[in-house]
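To be precise, the following lines are entry.cif, and they hold mmCIF, C-alpha atoms.
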data_target
#
loop_
_atom_site.label_atom_id
_atom_site.label_comp_id
_atom_site.auth_asym_id
_atom_site.auth_seq_id
_atom_site.Cartn_x
_atom_site.Cartn_y
_atom_site.Cartn_z
CA MET A 229 74.87 131.53 98.98
CA THR A 230 73.30 128.54 100.71
CA LEU A 231 75.34 126.10 102.73
CA ASN A 232 75.07 122.49 101.77
CA ASN A 233 75.66 119.66 104.24
CA SER A 234 75.83 116.85 101.74
CA SER A 235 79.14 114.99 101.65
CA GLU A 236 79.37 115.18 97.86
CA THR A 237 79.54 118.96 97.60
CA PRO A 238 81.82 121.12 99.74
CA LYS A 239 80.23 122.44 102.91
CA ALA A 240 80.89 126.05 102.10
CA ALA A 241 81.31 126.80 98.44
CA HIS A 242 84.61 128.62 98.87
CA PHE A 243 86.31 126.38 96.37
CA VAL A 244 85.46 124.08 93.52
CA PRO A 245 87.73 121.03 93.26
CA LYS A 246 89.30 120.83 89.84
CA LEU A 247 91.81 118.15 88.97
CA ALA A 248 95.04 118.99 87.20
CA GLU A 249 94.92 117.52 83.72
CA VAL A 250 97.14 114.78 82.32
CA ASP A 251 97.29 114.39 78.56
CA GLU A 252 96.54 111.07 76.98
CA ALA A 253 99.98 110.45 75.49
CA SER A 254 101.76 110.65 78.85
CA ALA A 255 99.15 108.43 80.50
CA LYS A 256 99.79 105.81 77.83
CA LEU A 257 103.54 106.19 78.22
CA LYS A 258 103.22 105.70 81.98
CA ALA A 259 101.28 102.46 81.54
CA THR A 260 103.94 101.15 79.13
CA LEU A 261 106.83 102.11 81.39
CA LEU A 262 105.19 100.63 84.51
CA HIS A 263 104.66 97.39 82.64
CA ASN A 264 108.39 96.79 82.51
CA ILE A 265 110.21 99.17 84.83
CA GLN A 266 113.97 98.79 84.56
CA ARG A 267 115.38 101.78 86.41
CA SER A 268 115.35 103.60 89.73
CA ALA A 269 112.41 105.74 90.75
CA TYR A 270 113.18 109.17 92.15
CA VAL A 271 110.83 110.61 94.72
CA TYR A 272 110.06 114.23 95.41
CA ARG A 273 107.90 114.99 98.41
CA VAL A 274 105.43 117.83 98.14
CA ASP A 275 104.30 119.22 101.48
CA CYS A 276 100.75 120.53 101.01
CA GLY A 277 100.40 121.79 104.57
CA GLY A 278 101.18 118.71 106.66
CA CYS A 279 102.32 118.53 110.27
CA ASN A 280 105.76 117.16 109.28
CA GLY A 281 105.01 113.73 110.78
CA CYS A 282 104.78 112.22 107.30
CA GLU A 283 108.11 113.77 106.28
CA ILE A 284 109.78 112.24 109.32
CA GLU A 285 108.42 108.80 108.39
CA ILE A 286 109.55 109.21 104.77
CA PHE A 287 113.05 109.93 106.02
CA ALA A 288 112.77 107.02 108.46
CA SER A 289 112.06 104.74 105.51
CA ILE A 290 115.25 105.79 103.69
CA THR A 291 117.46 105.25 106.74
CA SER A 292 119.63 102.15 106.98
CA LEU A 293 117.02 100.19 108.94
CA PHE A 294 114.43 100.17 106.17
CA ASP A 295 116.68 101.35 103.34
CA ALA A 296 114.29 102.14 100.51
CA GLU A 297 117.33 102.96 98.35
CA ARG A 298 118.04 99.23 97.89
CA PHE A 299 115.02 99.30 95.55
CA GLY A 300 116.32 102.40 93.78
CA ILE A 301 113.88 104.69 95.54
CA LYS A 302 115.74 107.92 96.18
CA VAL A 303 114.47 111.21 97.58
CA VAL A 304 115.50 114.11 95.34
CA PRO A 305 115.41 117.84 96.15
CA SER A 306 113.71 119.07 92.97
CA PRO A 307 110.48 118.10 91.17
CA ARG A 308 112.42 118.37 87.89
CA HIS A 309 114.24 115.12 88.78
CA ALA A 310 111.22 113.26 90.09
CA ASP A 311 109.34 110.21 88.83
CA ILE A 312 107.15 109.89 91.92
CA LEU A 313 105.53 112.86 93.61
CA VAL A 314 104.49 112.25 97.21
CA PHE A 315 101.81 114.64 98.38
CA THR A 316 101.65 114.91 102.16
CA GLY A 317 99.29 117.10 104.15
CA SER A 318 95.63 117.93 103.72
CA VAL A 319 96.14 120.65 101.02
CA THR A 320 95.67 123.98 102.74
CA ARG A 321 94.53 126.98 100.75
CA ALA A 322 98.00 128.55 100.87
CA MET A 323 99.85 125.40 99.75
CA ARG A 324 97.61 124.50 96.82
CA MET A 325 99.45 126.60 94.22
CA PRO A 326 102.97 125.51 95.30
CA ALA A 327 101.78 121.89 95.10
CA LEU A 328 100.39 122.43 91.61
CA ARG A 329 103.63 124.15 90.55
CA ALA A 330 105.57 121.09 91.73
CA PHE A 331 103.13 118.85 89.85
CA TYR A 332 103.53 120.77 86.58
CA GLY A 333 107.28 121.07 87.18
CA ALA A 334 107.79 117.30 87.24
CA PRO A 335 108.42 115.69 83.85
CA ASP A 336 105.81 113.34 82.37
CA PRO A 337 105.13 110.50 82.97
CA LYS A 338 104.91 110.79 86.75
CA ILE A 339 103.29 108.81 89.55
CA CYS A 340 101.35 110.76 92.18
CA VAL A 341 101.10 109.30 95.66
CA SER A 342 98.70 110.56 98.31
CA TYR A 343 100.58 110.07 101.55
CA GLY A 344 99.14 109.88 105.06
CA ALA A 345 95.66 110.29 106.48
CA CYS A 346 95.58 113.98 105.52
CA GLY A 347 96.50 113.30 101.92
CA CYS A 348 93.95 110.47 101.56
CA GLY A 349 90.92 112.19 103.00
CA GLY A 350 91.85 115.31 104.90
CA GLY A 351 92.64 113.40 108.11
CA ILE A 352 91.76 115.14 111.34
CA PHE A 353 91.74 118.45 109.46
CA HIS A 354 89.15 117.38 106.87
CA ASP A 355 86.49 119.90 107.87
CA LEU A 356 88.64 122.94 108.55
CA TYR A 357 87.78 126.16 106.72
CA CYS A 358 91.10 126.56 104.93
CA VAL A 359 91.56 122.92 103.99
CA TRP A 360 90.71 121.29 100.67
CA GLY A 361 90.59 117.84 102.24
CA GLY A 362 93.00 115.58 100.39
CA SER A 363 95.45 115.76 97.52
CA ASP A 364 93.09 113.87 95.22
CA LYS A 365 91.10 117.09 95.00
CA ILE A 366 93.86 118.85 93.04
CA VAL A 367 95.93 116.20 91.23
CA PRO A 368 95.15 112.74 89.77
CA ILE A 369 96.36 110.22 92.38
CA ASP A 370 97.71 106.76 91.53
CA VAL A 371 98.29 105.32 94.99
CA TYR A 372 96.83 106.17 98.39
CA ILE A 373 98.95 105.33 101.45
CA PRO A 374 96.86 105.80 104.61
CA GLY A 375 98.30 106.07 108.10
CA CYS A 376 98.90 108.87 110.55
CA PRO A 377 101.76 108.83 109.69
CA PRO A 378 102.29 105.67 107.60
CA THR A 379 105.00 103.50 109.16
CA PRO A 380 108.18 102.93 107.12
CA GLY A 381 106.90 99.43 106.33
CA ALA A 382 103.66 100.87 104.96
CA THR A 383 105.67 103.43 102.97
CA ILE A 384 107.83 100.79 101.31
CA TYR A 385 104.73 98.72 100.57
CA GLY A 386 103.02 101.76 99.04
CA PHE A 387 105.99 102.62 96.82
CA ALA A 388 106.27 99.00 95.70
CA MET A 389 102.58 99.15 94.81
CA ALA A 390 103.05 102.41 92.92
CA LEU A 391 105.74 100.74 90.82
CA GLY A 392 103.52 97.71 90.25
CA LEU A 393 105.79 95.30 92.16
CA LEU A 394 103.33 94.27 94.91
CA GLY A 395 99.61 93.67 94.80
CA GLN A 396 96.87 95.41 96.76
CA LYS A 397 95.62 93.72 99.94
CA LEU A 398 92.78 95.95 101.10
CA LYS A 399 89.38 95.57 99.43
CA GLU A 400 86.13 97.43 99.82
CA LYS A 401 83.73 95.63 102.16
CA ASN A 402 79.97 95.86 102.44
CA HIS A 403 78.37 93.91 105.27
CA VAL A 404 74.62 93.56 105.50
CA GLU A 405 72.99 92.38 108.70
CA ALA A 406 71.53 88.90 108.34
CA GLU A 407 68.09 88.05 109.70
CA GLY A 408 68.35 86.97 113.34
CA ASP A 409 71.98 88.07 113.80
CA LYS A 410 72.77 88.47 117.47
CA SER A 411 75.88 89.82 119.12
CA ALA A 412 77.23 87.58 121.84
CA VAL A 413 77.53 88.79 125.44
CA ALA A 414 81.07 88.65 126.80
CA HIS A 415 81.67 86.11 129.57
CA PRO A 416 78.14 84.65 129.81
CA GLY A 417 79.23 82.45 132.72
CA ALA A 418 80.20 85.32 135.05
CA PRO A 419 77.60 87.41 136.92
CA LEU A 420 77.08 90.75 135.16
CA ASP A 421 77.52 93.05 138.16
CA VAL A 422 80.77 91.37 139.23
CA ARG A 423 82.12 91.52 135.69
CA VAL A 424 81.26 95.21 135.38
CA LYS A 425 82.86 96.02 138.73
CA ILE A 426 86.06 94.18 137.84
CA GLU A 427 86.26 95.74 134.39
CA ARG A 428 85.76 99.25 135.79
CA GLN A 429 88.41 98.71 138.45
CA ALA A 430 90.89 97.28 135.92
CA ARG A 431 90.33 100.14 133.50
CA LEU A 432 90.76 102.64 136.32
CA LEU A 433 94.09 101.07 137.29
CA ALA A 434 95.61 100.10 133.95
CA GLY A 435 93.97 102.35 131.39
CA TYR A 436 91.29 101.44 128.89
CA VAL A 437 93.10 99.05 126.56
CA GLN A 438 95.31 97.14 129.00
CA GLY A 439 92.58 97.33 131.65
CA ARG A 440 90.17 95.51 129.41
CA GLN A 441 92.76 92.89 128.49
CA ILE A 442 93.56 92.23 132.15
CA SER A 443 89.92 92.14 133.22
CA ASP A 444 89.04 89.84 130.32
CA GLN A 445 91.73 87.42 131.42
CA PHE A 446 90.67 87.72 135.06
CA VAL A 447 86.98 87.13 134.36
CA ASP A 448 87.92 84.28 132.05
CA LEU A 449 89.69 82.58 134.97
CA LEU A 450 86.67 83.26 137.19
CA GLU A 451 84.32 81.82 134.61
CA LYS A 452 86.19 78.58 134.00
CA ASN A 453 87.26 77.71 137.53
CA ASP A 454 85.70 77.64 140.96
CA LEU A 455 86.51 80.22 143.63
CA GLN A 456 88.72 77.91 145.74
CA THR A 457 91.33 77.51 143.00
CA MET A 458 91.30 81.23 142.03
CA PRO A 459 94.14 82.42 144.32
CA GLN A 460 96.48 79.71 143.03
CA LEU A 461 95.60 80.45 139.37
CA ILE A 462 96.14 84.17 139.90
CA GLU A 463 99.50 83.44 141.52
CA ASP A 464 100.52 81.26 138.54
CA TRP A 465 99.47 83.99 136.12
CA CYS A 466 101.49 86.66 137.98
CA VAL A 467 104.57 84.44 138.19
CA LYS A 468 104.34 83.68 134.48
CA ALA A 469 103.92 87.33 133.49
CA ASP A 470 106.71 88.42 135.89
CA ASP A 471 105.43 91.99 136.06
CA PRO A 472 105.04 93.76 139.44
CA ARG A 473 102.49 96.18 137.92
CA LEU A 474 100.28 93.31 136.81
CA ARG A 475 100.62 91.71 140.24
CA SER A 476 99.44 94.82 142.07
CA ILE A 477 96.53 95.36 139.65
CA VAL A 478 95.42 91.74 139.88
CA THR A 479 95.63 91.89 143.70
CA CYS A 480 93.30 94.91 143.62
CA LEU A 481 90.93 93.05 141.29
CA LYS A 482 90.89 90.07 143.65
CA GLU A 483 89.96 92.41 146.52
CA THR A 484 87.16 93.88 144.38
CA LEU A 485 85.93 90.38 143.60
CA ASP A 486 86.00 89.32 147.26
CA ALA A 487 84.23 92.50 148.34
CA SER A 488 81.44 92.09 145.81
CA LEU A 489 81.01 88.39 146.63
CA ASN A 490 80.95 89.10 150.40
CA GLY A 491 78.46 91.89 149.78
CA GLU A 492 76.23 89.43 147.99
CA ALA A 493 76.51 86.94 150.84
CA ALA A 494 75.65 89.65 153.37
CA ARG A 495 72.62 90.71 151.34
CA GLY A 496 71.23 87.27 151.47
CA MET B 1422 140.35 101.52 111.72
CA PHE B 1423 140.69 97.81 112.40
CA ASN B 1424 138.56 98.24 115.50
CA LEU B 1425 135.84 99.96 113.47
CA LEU B 1426 135.76 97.13 110.94
CA LYS B 1427 135.44 94.69 113.80
CA ILE B 1428 132.44 96.59 115.16
CA VAL B 1429 130.88 96.63 111.69
CA LYS B 1430 131.39 92.88 111.39
CA ASN B 1431 129.91 92.22 114.81
CA THR B 1432 126.89 94.44 114.17
CA GLY B 1433 126.06 92.64 110.95
CA ASP B 1434 123.16 93.55 108.69
CA VAL B 1435 120.61 95.82 110.39
CA THR B 1436 118.34 96.39 107.39
CA VAL B 1437 115.02 94.58 107.71
CA LYS B 1438 114.17 91.99 105.08
CA TYR B 1439 110.73 93.51 104.41
CA PRO B 1440 109.03 93.24 101.86
CA PHE B 1441 110.69 89.89 101.10
CA ALA B 1442 110.01 88.64 104.63
CA PRO B 1443 107.23 89.68 107.03
CA LEU B 1444 108.04 92.75 109.11
CA GLU B 1445 108.50 92.17 112.83
CA LEU B 1446 105.97 94.24 114.74
CA MET B 1447 105.56 95.03 118.41
CA PRO B 1448 102.63 93.25 120.14
CA ALA B 1449 100.97 96.63 120.83
CA PHE B 1450 101.29 97.84 117.22
CA ARG B 1451 98.08 99.57 116.11
CA GLY B 1452 97.10 98.78 112.53
CA LYS B 1453 93.84 98.70 110.63
CA PRO B 1454 90.74 98.44 112.87
CA GLU B 1455 89.39 94.94 112.29
CA TYR B 1456 85.62 94.95 112.33
CA ASP B 1457 83.31 92.09 113.24
CA PRO B 1458 79.85 92.96 111.85
CA LYS B 1459 78.28 90.05 113.75
CA GLN B 1460 79.30 91.50 117.12
CA CYS B 1461 78.40 95.10 116.26
CA ILE B 1462 75.16 96.42 117.74
CA ALA B 1463 75.24 99.74 115.82
CA CYS B 1464 75.28 101.75 119.07
CA ALA B 1465 77.51 104.43 117.44
CA ALA B 1466 79.86 104.68 120.45
CA CYS B 1467 82.87 104.34 118.13
CA THR B 1468 81.66 107.12 115.84
CA MET B 1469 81.31 109.42 118.86
CA ALA B 1470 84.84 108.57 120.00
CA CYS B 1471 86.57 108.78 116.60
CA PRO B 1472 88.58 112.03 116.62
CA ALA B 1473 89.13 112.03 112.85
CA ASN B 1474 85.54 111.15 111.82
CA ALA B 1475 86.89 108.09 110.04
CA LEU B 1476 83.99 106.20 111.60
CA THR B 1477 80.57 107.54 110.74
CA MET B 1478 77.04 106.31 111.25
CA GLU B 1479 74.04 107.44 109.25
CA THR B 1480 70.44 106.62 110.04
CA ASP B 1481 67.91 106.43 107.24
CA VAL B 1482 64.56 106.47 109.04
CA LYS B 1483 62.52 106.10 105.87
CA ALA B 1484 64.36 102.99 104.71
CA GLY B 1485 64.64 101.74 108.31
CA VAL B 1486 68.38 101.14 108.14
CA ARG B 1487 71.48 102.42 109.89
CA THR B 1488 74.78 102.39 108.03
CA TRP B 1489 78.11 102.20 109.77
CA GLN B 1490 81.14 103.25 107.75
CA LEU B 1491 84.89 103.10 108.25
CA PHE B 1492 87.08 105.19 105.95
CA VAL B 1493 90.59 103.86 106.56
CA GLY B 1494 92.07 106.78 104.64
CA ARG B 1495 91.12 109.14 107.45
CA CYS B 1496 91.89 106.79 110.36
CA ILE B 1497 94.70 107.91 112.68
CA PHE B 1498 94.95 104.50 114.44
CA CYS B 1499 94.47 105.94 117.92
CA GLY B 1500 92.45 102.95 119.13
CA ARG B 1501 89.68 104.99 120.78
CA CYS B 1502 87.07 102.89 118.93
CA GLU B 1503 88.49 99.71 120.43
CA GLU B 1504 88.39 101.28 123.90
CA VAL B 1505 84.74 102.30 123.76
CA CYS B 1506 83.27 99.32 121.88
CA PRO B 1507 81.00 97.52 124.36
CA THR B 1508 80.85 94.24 122.42
CA HIS B 1509 84.48 93.81 121.21
CA ALA B 1510 83.37 94.33 117.61
CA LEU B 1511 86.37 96.53 116.81
CA THR B 1512 89.98 95.60 117.51
CA LEU B 1513 93.09 97.17 116.08
CA SER B 1514 94.93 94.51 114.12
CA GLN B 1515 98.59 94.33 113.06
CA MET B 1516 97.66 94.98 109.42
CA PHE B 1517 99.67 97.92 108.09
CA GLU B 1518 99.80 97.22 104.33
CA LEU B 1519 96.89 99.50 103.52
CA ALA B 1520 97.97 101.21 100.31
CA VAL B 1521 95.37 101.13 97.53
CA THR B 1522 95.20 102.34 93.96
CA ASN B 1523 91.46 102.96 94.08
CA LYS B 1524 90.06 105.14 96.84
CA VAL B 1525 86.85 103.08 97.02
CA ASP B 1526 88.83 100.20 98.54
CA LEU B 1527 89.51 102.27 101.66
CA TYR B 1528 85.86 102.07 102.71
CA GLU B 1529 84.15 99.44 104.83
CA ARG B 1530 80.40 99.57 105.41
CA ALA B 1531 77.82 97.67 107.41
CA THR B 1532 74.07 98.03 107.27
CA PHE B 1533 71.79 97.34 110.23
CA SER B 1534 68.03 97.19 110.51
CA LEU B 1535 66.11 99.37 112.95
CA CYS B 1536 63.54 98.28 115.49
CA ASN B 1537 60.11 99.84 115.13
CA CYS B 1538 58.24 101.01 118.21
CA ARG B 1539 55.26 98.77 118.94
CA ILE B 1540 52.96 101.71 119.54
CA CYS B 1541 53.89 104.56 117.21
CA ASN B 1542 55.48 102.25 114.64
CA ARG B 1543 58.50 104.52 114.22
CA PRO B 1544 62.07 103.22 114.33
CA PHE B 1545 63.80 104.13 117.61
CA ALA B 1546 66.88 101.91 118.02
CA PRO B 1547 68.87 99.32 116.06
CA ARG B 1548 67.29 95.88 116.35
CA LYS B 1549 70.54 94.26 117.49
CA GLU B 1550 70.93 96.81 120.27
CA VAL B 1551 67.52 95.91 121.71
CA GLU B 1552 68.41 92.22 121.45
CA TYR B 1553 71.71 92.89 123.23
CA VAL B 1554 69.93 94.68 126.09
CA MET B 1555 67.69 91.64 126.52
CA ALA B 1556 70.70 89.31 126.51
CA LEU B 1557 72.34 91.48 129.19
CA MET B 1558 69.19 91.27 131.32
CA VAL B 1559 69.36 87.49 131.10
CA GLN B 1560 73.01 87.60 132.12
CA ALA B 1561 72.13 89.86 135.05
CA GLY B 1562 70.03 87.06 136.49
CA ILE B 1563 66.53 87.72 135.18
CA ASP B 1564 64.81 84.61 133.87
CA ALA B 1565 64.82 84.33 130.07
CA ASN B 1566 61.06 83.78 129.96
CA VAL B 1567 60.44 86.88 132.06
CA VAL B 1568 62.63 88.92 129.73
CA ASN B 1569 60.69 87.59 126.78
CA THR B 1570 57.38 88.65 128.30
CA ARG B 1571 58.82 92.17 128.64
CA ARG B 1572 59.70 92.27 124.95
CA SER B 1573 56.75 94.46 124.04
CA LEU B 1574 57.83 96.99 126.67
CA LEU B 1575 61.45 96.94 125.49
CA GLU B 1576 60.39 97.41 121.91
CA THR B 1577 58.58 100.61 122.77
CA CYS B 1578 60.28 103.94 122.20
CA PRO B 1579 61.04 106.09 125.30
CA GLU B 1580 58.56 108.70 124.13
CA CYS B 1581 55.69 106.22 123.95
CA ARG B 1582 56.67 104.72 127.30
CA ARG B 1583 56.43 108.11 128.92
CA ARG B 1584 53.13 108.76 127.22
CA GLN B 1585 51.74 105.48 128.50
CA ASN B 1586 52.51 106.52 132.06
CA ILE B 1587 50.57 109.77 131.80
CA LEU B 1588 46.87 110.15 132.56
CA ASP B 1589 44.91 111.89 129.83
CA LYS B 1590 47.75 111.08 127.46
CA ASN B 1591 45.86 111.81 124.27
CA ASN B 1592 46.01 115.52 124.97
CA ILE B 1593 49.78 115.75 125.15
CA ILE B 1594 52.46 115.91 122.48
CA LEU B 1595 55.81 114.88 123.87
CA ASN B 1596 58.98 116.02 122.16
CA PRO B 1597 57.58 117.02 118.76
CA GLN B 1598 61.11 117.60 117.42
CA SER B 1599 62.17 113.99 117.92
CA ILE B 1600 65.02 113.04 115.60
CA TRP B 1601 63.25 109.86 114.63
CA ARG B 1602 60.26 111.68 113.21
CA THR B 1603 60.03 112.29 109.51
CA ASP B 1604 58.08 115.09 107.91
CA ASP B 1605 55.37 112.88 106.51
CA ASP B 1606 54.45 111.07 109.71
CA ALA B 1607 53.18 114.14 111.54
CA GLU B 1608 50.03 113.25 113.34
#
Could you write out this structure as structure tokens?
Amino acid sequence: MTLNNSSETPKAAHFVPKLAEVDEASAKLKATLLHNIQRSAYVYRVDCGGCNGCEIEIFASITSLFDAERFGIKVVPSPRHADILVFTGSVTRAMRMPALRAFYGAPDPKICVSYGACGCGGGIFHDLYCVWGGSDKIVPIDVYIPGCPPTPGATIYGFAMALGLLGQKLKEKNHVEAEGDKSAVAHPGAPLDVRVKIERQARLLAGYVQGRQISDQFVDLLEKNDLQTMPQLIEDWCVKADDPRLRSIVTCLKETLDASLNGEAARG
Amino acid sequence: MFNLLKIVKNTGDVTVKYPFAPLELMPAFRGKPEYDPKQCIACAACTMACPANALTMETDVKAGVRTWQLFVGRCIFCGRCEEVCPTHALTLSQMFELAVTNKVDLYERATFSLCNCRICNRPFAPRKEVEYVMALMVQAGIDANVVNTRRSLLETCPECRRRQNILDKNNIILNPQSIWRTDDDAE
């Protein structure tokens, strides 16, 4: 058997995705019921080999803080009672049959939700040998809720979308590069070597994300003002932020700046 | 009992108003990666960093294009792409309402043109990346006109540059397994 690297066909042909079938009458019934839903929706969650993070978030969204039950969304312990099936996990080989049994066990019409990054596209496990890569490979999915795990807010939004109460916000996007498009250089007013030194130092001290934010703000000050007013501006910034960590980082950055400027002066 | 009721009254309503009112989020909340195609130079740093392969980049040498793709369905919102992006083209926004009914809507794509080498006429880097390098050279203090005169050198692939520095260069094949070569442009 040859291995195929194309994204359309599975990498190793150890399985052939085949969707569970839904008959036409129940599909029609579902459309009619969703058009004018006048009752609670009961949710059964099907774990197809997830890490349990998604389950924790589902239970977080039915706690008193987010309280999904005020919309009639209730988690039930049996697929026989369910209107909505929530498939979490990336569908491992061992959990495929139990998931299908839950699917066939639920009465028609039913809404299938693919929950979490694993359910939508396999997540970080998408290319593992024992993973089928998403619940849409085995059952027809109505709503995809991405997130790793989806926050309770995202869960409530997804359920509201499944019931047709809220509209979809995300749309497919295709950008094509225009002729003569150029990406702008950050801080064109500051010298490149000084900017790089400050950014490296800030990232070393504060981590990548906060380091960049701090260095961006620092270089922004440097760019817009002259060197004489810098110490006062830095002092104002530190007083405003009222954070001793920021103060010590910014002091280090100022030393880096002074050192690189003095070095330049010494060179010539 | 009375005390308990008093506590309940003082605590009030803890349930958030979402979805009838916007949800309050922390400033550092990591939502959907917001992409600015104008800033992107198609360097593929984000696709190297992405632990879930939600970000992918494919190069089509024959068509001369490079396609960047974000599949939100696989994204784990770790923010590594934002960390490594050299041009601030990717930032994690506060957008968390990502549910879709159609899987196609989870994709975001951007297509970039490639720069052909002046000598061997094969694509070797995205055009915007070469332009960005030139802009950085200007920022580093080199005169813009000088940078422009070096354009022909910068638009030469590393292989051809090495070849140009070798005496008797016509006798040598450098790196015959170059990824940018296609089957039909064998010499």
Enumerate, in order of chain and increasing residue number, the residues of range 363-437 of chain A with an atom no farther than 12 Å from range 1547-1552 of chain B, each with its shortest atom pair and distance in Å to one decimal, counting all atoms listed in the file, as JSON lines.
{"residue": "A:Glu405", "atom": "CA", "partner": "B:Lys1549", "partner_atom": "CA", "distance": 9.3}
{"residue": "A:Ala406", "atom": "CA", "partner": "B:Lys1549", "partner_atom": "CA", "distance": 10.7}
{"residue": "A:Glu407", "atom": "CA", "partner": "B:Lys1549", "partner_atom": "CA", "distance": 10.3}
{"residue": "A:Gly408", "atom": "CA", "partner": "B:Lys1549", "partner_atom": "CA", "distance": 8.7}
{"residue": "A:Asp409", "atom": "CA", "partner": "B:Lys1549", "partner_atom": "CA", "distance": 7.3}
{"residue": "A:Lys410", "atom": "CA", "partner": "B:Lys1549", "partner_atom": "CA", "distance": 6.2}
{"residue": "A:Ser411", "atom": "CA", "partner": "B:Lys1549", "partner_atom": "CA", "distance": 7.1}
{"residue": "A:Ala412", "atom": "CA", "partner": "B:Glu1552", "partner_atom": "CA", "distance": 10.0}
{"residue": "A:Val413", "atom": "CA", "partner": "B:Glu1552", "partner_atom": "CA", "distance": 10.5}
Within 6 Å of chain B, which residues of chain A are there when counting all atoms listed in the file? Please give them as a CSV table (one decimal) with C-alpha atoms, keeping the file's coordinate frame.
chain,number,residue,atom,x,y,z
A,292,SER,CA,119.6,102.2,107.0
A,293,LEU,CA,117.0,100.2,108.9
A,294,PHE,CA,114.4,100.2,106.2
A,345,ALA,CA,95.7,110.3,106.5
A,348,CYS,CA,94.0,110.5,101.6
A,349,GLY,CA,90.9,112.2,103.0
A,351,GLY,CA,92.6,113.4,108.1
A,352,ILE,CA,91.8,115.1,111.3
A,370,ASP,CA,97.7,106.8,91.5
A,371,VAL,CA,98.3,105.3,95.0
A,372,TYR,CA,96.8,106.2,98.4
A,373,ILE,CA,99.0,105.3,101.4
A,374,PRO,CA,96.9,105.8,104.6
A,376,CYS,CA,98.9,108.9,110.6
A,382,ALA,CA,103.7,100.9,105.0
A,386,GLY,CA,103.0,101.8,99.0
A,396,GLN,CA,96.9,95.4,96.8
A,398,LEU,CA,92.8,96.0,101.1
A,399,LYS,CA,89.4,95.6,99.4
A,400,GLU,CA,86.1,97.4,99.8
A,401,LYS,CA,83.7,95.6,102.2
A,402,ASN,CA,80.0,95.9,102.4
A,403,HIS,CA,78.4,93.9,105.3
A,404,VAL,CA,74.6,93.6,105.5
A,405,GLU,CA,73.0,92.4,108.7
A,411,SER,CA,75.9,89.8,119.1
A,420,LEU,CA,77.1,90.8,135.2
A,436,TYR,CA,91.3,101.4,128.9
A,437,VAL,CA,93.1,99.0,126.6
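CA of Leu485 in chain A is found 10.4 Å from CA of Asp421 in chain A.
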(request) For the structure provided, state which residues fall under the PyMOL selection byres ((chain B and resi 1485) around 9), and present them as a ChimeraX atom specification. (result) /B:1480-1484,1486-1487,1533-1537,1543-1544
(request) Please indicate the distance in Å from CA of Glu283 in chain A to CA of Ala1442 in chain B, rounded to one decimal place. (result) 25.3 Å
(request) Check what the PyMOL selection byres ((chain A and resi 459-466) around 10) selects in the file above and give those residues as JSON, numbers by chain. (result) {"A": [445, 446, 449, 450, 453, 455, 456, 457, 458, 467, 468, 469, 470, 471, 472, 473, 474, 475, 476, 478, 479, 482]}
(request) In Å, rounded to a single decimal, give me how far CA of Gln266 in chain A is from CA of Gly300 in chain A. (result) 10.2 Å
(message) Evaluated on this file, the PyMOL selection byres ((chain A and resi 306) around 12) picks out some residues - which ones are they, written as an MDAnalysis selection string?
(response) chainID A and resid 270:274 302:305 307:313 329:331 333:335
(request) Find the residue from A:Arg324, A:Arg298, A:Lys256, A:Lys425 that sits nearest to Glu483 in chain A; use all atoms listed in the file when measuring. (result) A:Lys425
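Using all atoms listed in the file, the shortest contact distance between Cys1506 in chain B and any of B:Val1429, B:Cys1541, B:Ala1546, B:Ala1466 is found at B:Ala1466.
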(request) Give as an MDAnalysis selection string each residue that has an atom at most 9 Å from (107.4, 104.3, 100.8) in the file, counting all atoms listed in the file. (result) chainID A and resid 285:286 289:290 296 301 343 373 378:388
(message) Give me the residues near Ser363 in chain A as JSON, numbers by chain, where near means some atom within 7 Å (using all atoms listed in the file) and where sequence neighbours in that chain fewer than 3 positions away do not count.
(response) {"A": [315, 318, 319, 342, 347, 348, 366, 367]}
(message) Between A:Pro337, A:Gly362, A:Arg428, A:Gly375, which residue has the minimum interatomic distance to Asp251 in chain A, considering all atoms listed in the file?
(response)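 Counting all atoms listed in the file, the residue closest to Asp251 in chain A is A:Pro337.
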Return as lines of an AutoDock Vina configuration file the centre and edge lengths, in Å with one decimal, of the box along x, y and z that encloses every atom of range 282-291 of chain A in the file, padded by 4 Å per side.
center_x = 111.1
center_y = 109.3
center_z = 106.5
size_x = 20.7
size_y = 17.0
size_z = 13.6
